[in-house]
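Here's the structure, in structure tokens; my notes come after.
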2 protein chains.
Amino acid sequence: MDMYSGHINRLIEELAALPGVGAKSAQRMAFHIINMPQQRVERLTDAITSAKANVRYCKECYTLTDEEICPVCASVKRDHRTIMVVENVRDLAAYEKTGKYEGVYHVLHGAISPMLGIGPNDIKLKELIARLEGDVGEVIIATNSSLEGETTAMYIRKLIKPAGIRVTRIASGVPVGGDLEYIDEVTLLRALEGRTEL
Amino acid sequence: MDMYSGHINRLIEELAALPGVGAKSAQRMAFHIINMPQQRVERLTDAITSAKANVRYCKECYTLTDEEICPVCASVKRDHRTIMVVENVRDLAAYEKTGKYEGVYHVLHGAISPMLGIGPNDIKLKELIARLEGDVGEVIIATNSSLEGETTAMYIRKLIKPAGIRVTRIASGVPVGGDLEYIDEVTLLRALEGRTEL
């Protein structure tokens, strides 16, 4: 006999398909949602629908934003000649939270991984190359210090070094194997200061 | 400067309000949702809306179900004279998964907790008492072996023992396969007290 009703099972399945949500947490979340006031349920579904409908890639740096151009790229206070390349929006957010980085970003939305069959064309690399035709003084590669992150860093260096643009890599004050988004701000800043020529 | 757009922030906030979802996982889930195909986003919001609209309490045992009466309460194969009292639907599911319990359930939707200000009237206790006016042979109290669970068990026992109904409590002790050295002292003592003849 099925323990839950069809509607509950369907909700649990959909929730369990989200990243980092196991079967037990999906169950817990589902029961919580069912017990929420109708108004809160509507706020949740509306937040999902609106985000999906209104959020798009920034035309400059490919972060997620409500506008054509994200606030960082649109700001005249930022140094548009310095581009920090990150794997994803969470990594951008981590550096932005330090409040000390004054350049702009480029979000790759992934990293090269031969193991997972993710090649240079599967991430926003062509888009980075296209940006370098403008006035760019330095590209700071801030991919994770994982195998994929390092592979991606090396690939980008080989690709753009010949163009005569300064290419740097954030220092590995970041623990090896660590995900940028989980690292404290001090370490992130130290890694930025200690960046070296590639 | 705000790192994310308003729509993303709103989605992150709504997700972070769910139980067991921290700020980081909410971020991760939000970006995942925004990157999902439109069709999958609709399946998710529809699952939420349908579950909320169609799931209700079983009129007998107060578990969550699509019907007036849940499959367990509706089954003629179950022993309706034996009622197992559990704190929540997940606990019911845990016992149901054993496939060996043949009675029915009563879901309290909580436990008495003076600390949290949850009294007997805040859980489905009146509803349990009402059921005992029918033909009931045994009430098995399967609340958690936490302070709240034990308090609730004692309260129920006092309430219904005078009615002459058999009231039992599931055993607490060392979990099967559990290593003694990793088990807390209270559990070890309870296992000792509850020892049975071999």
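A note on labels: chains of the structure tokens are A, B, ... as shown, every chain counts residues from 1, and ligands are counted from 1 in their shown order.
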Quiz item: When the cut-off is 8 Å and we count only C-alpha atoms, which residues of chain A are near chain B, given as a PyMOL selection string?
Solution: chain A and resi 1+3-8+10-11+14-15+18-20+25+27-29+32-35+38+41-45+47-52+54-55+64-66+71+90+93+96-97
Practice problem: Taking the chain letters and numbering used in this document, name the residues of range 22-183 of chain A that DSSP puts in alpha helix (DSSP H), as an NGL selection string. | Solution: :A and (23-35 or 38-54 or 71-74 or 89-98 or 126-131 or 147-160)
Quiz item: So which residues touch range 80-84 of chain A within 9 Å, counting only C-alpha atoms, skipping near sequence neighbours fewer than 3 positions away, as a PyMOL selection string?
Solution: chain A and resi 61+73+76-77+92+102-107+134-142
Self-check item: Nearest candidate to Ile129 in chain B (options B:Thr187, B:Glu60, B:Leu147, B:Asp91; using only C-alpha atoms)
Solution: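 That would be B:Glu60, the residue with the smallest distance to Ile129 in chain B.
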Can you tell me, as an mmCIF file with C-alpha atoms, in the first residue's frame, what residues are no more than 12 Å from range 158-173 of chain A when counting only C-alpha atoms, ignoring any on the same chain fewer than 3 positions away?
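Final file, out-v5.cif:
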```
data_model
loop_
_atom_site.group_PDB
_atom_site.id
_atom_site.type_symbol
_atom_site.label_atom_id
_atom_site.label_comp_id
_atom_site.auth_asym_id
_atom_site.auth_seq_id
_atom_site.Cartn_x
_atom_site.Cartn_y
_atom_site.Cartn_z
ATOM 1 C CA ARG A 81 39.310 46.806 -17.533
ATOM 2 C CA THR A 82 39.652 44.060 -14.893
ATOM 3 C CA ILE A 83 37.577 40.904 -15.387
ATOM 4 C CA MET A 84 37.356 38.167 -12.767
ATOM 5 C CA VAL A 85 36.372 34.827 -14.275
ATOM 6 C CA VAL A 86 34.264 32.633 -11.957
ATOM 7 C CA TYR A 95 33.613 37.777 -3.955
ATOM 8 C CA PRO A 120 35.129 24.526 -23.630
ATOM 9 C CA LEU A 125 34.152 30.824 -22.853
ATOM 10 C CA LYS A 126 33.519 32.135 -26.381
ATOM 11 C CA LEU A 128 34.741 35.739 -22.541
ATOM 12 C CA ILE A 129 36.996 35.790 -25.601
ATOM 13 C CA ALA A 130 34.579 38.173 -27.330
ATOM 14 C CA ARG A 131 34.819 40.582 -24.363
ATOM 15 C CA LEU A 132 38.611 40.689 -24.664
ATOM 16 C CA GLU A 133 38.293 42.571 -27.957
ATOM 17 C CA GLY A 134 37.352 45.557 -25.838
ATOM 18 C CA ASP A 135 39.733 47.449 -23.550
ATOM 19 C CA VAL A 136 40.810 44.839 -20.994
ATOM 20 C CA GLY A 137 43.914 45.144 -18.823
ATOM 21 C CA GLU A 138 43.735 42.023 -16.662
ATOM 22 C CA VAL A 139 41.849 38.768 -16.490
ATOM 23 C CA ILE A 140 41.799 37.259 -12.985
ATOM 24 C CA ILE A 141 40.968 33.573 -13.097
ATOM 25 C CA ALA A 142 39.011 32.669 -9.964
ATOM 26 C CA THR A 143 37.766 29.215 -10.868
ATOM 27 C CA ASN A 144 37.717 26.713 -7.994
ATOM 28 C CA SER A 145 40.947 25.022 -7.003
ATOM 29 C CA SER A 146 39.514 21.648 -7.994
ATOM 30 C CA GLY A 149 38.782 24.581 -11.967
ATOM 31 C CA GLU A 150 42.521 24.221 -12.578
ATOM 32 C CA THR A 151 41.965 22.655 -15.982
ATOM 33 C CA THR A 152 39.721 25.542 -16.922
ATOM 34 C CA ALA A 153 42.260 28.086 -15.630
ATOM 35 C CA MET A 154 45.052 26.541 -17.702
ATOM 36 C CA TYR A 155 42.858 26.402 -20.768
ATOM 37 C CA VAL A 176 42.678 22.532 -2.368
ATOM 38 C CA GLY A 177 39.392 20.922 -3.286
ATOM 39 C CA GLY A 178 37.464 23.760 -1.638
ATOM 40 C CA ASP A 179 34.402 25.369 -3.139
ATOM 41 C CA LEU A 180 34.675 29.188 -3.227
ATOM 42 C CA ILE A 183 35.110 29.967 2.143
ATOM 43 C CA ASP A 184 35.355 32.871 4.583
ATOM 44 C CA GLU A 185 35.885 36.410 3.332
ATOM 45 C CA VAL A 186 39.357 36.833 4.830
ATOM 46 C CA THR A 187 40.661 33.808 2.962
ATOM 47 C CA LEU A 188 38.998 35.003 -0.218
ATOM 48 C CA LEU A 189 40.670 38.408 0.126
ATOM 49 C CA ARG A 190 44.066 36.879 0.911
ATOM 50 C CA ALA A 191 43.771 34.722 -2.166
ATOM 51 C CA LEU A 192 42.980 37.828 -4.227
ATOM 52 C CA GLU A 193 45.942 39.788 -2.861
ATOM 53 C CA GLY A 194 48.291 36.863 -3.423
ATOM 54 C CA ARG A 195 47.325 36.345 -7.044
ATOM 55 C CA THR A 196 50.288 35.512 -9.268
ATOM 56 C CA GLU A 197 51.181 35.841 -12.914
ATOM 57 C CA LEU A 198 50.178 32.816 -15.008
#
```
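For the atom pair formed by CA of Leu116 in chain B and CA of Ile156 in chain B, the distance is 18.7 Å, given to one decimal.
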Self-check item: Expected answer as an MDAnalysis selection string: strand (DSSP E) residues in chain B
Solution: chainID B and resid 56:57 64:65 79:86 103:107 138:141 166:169
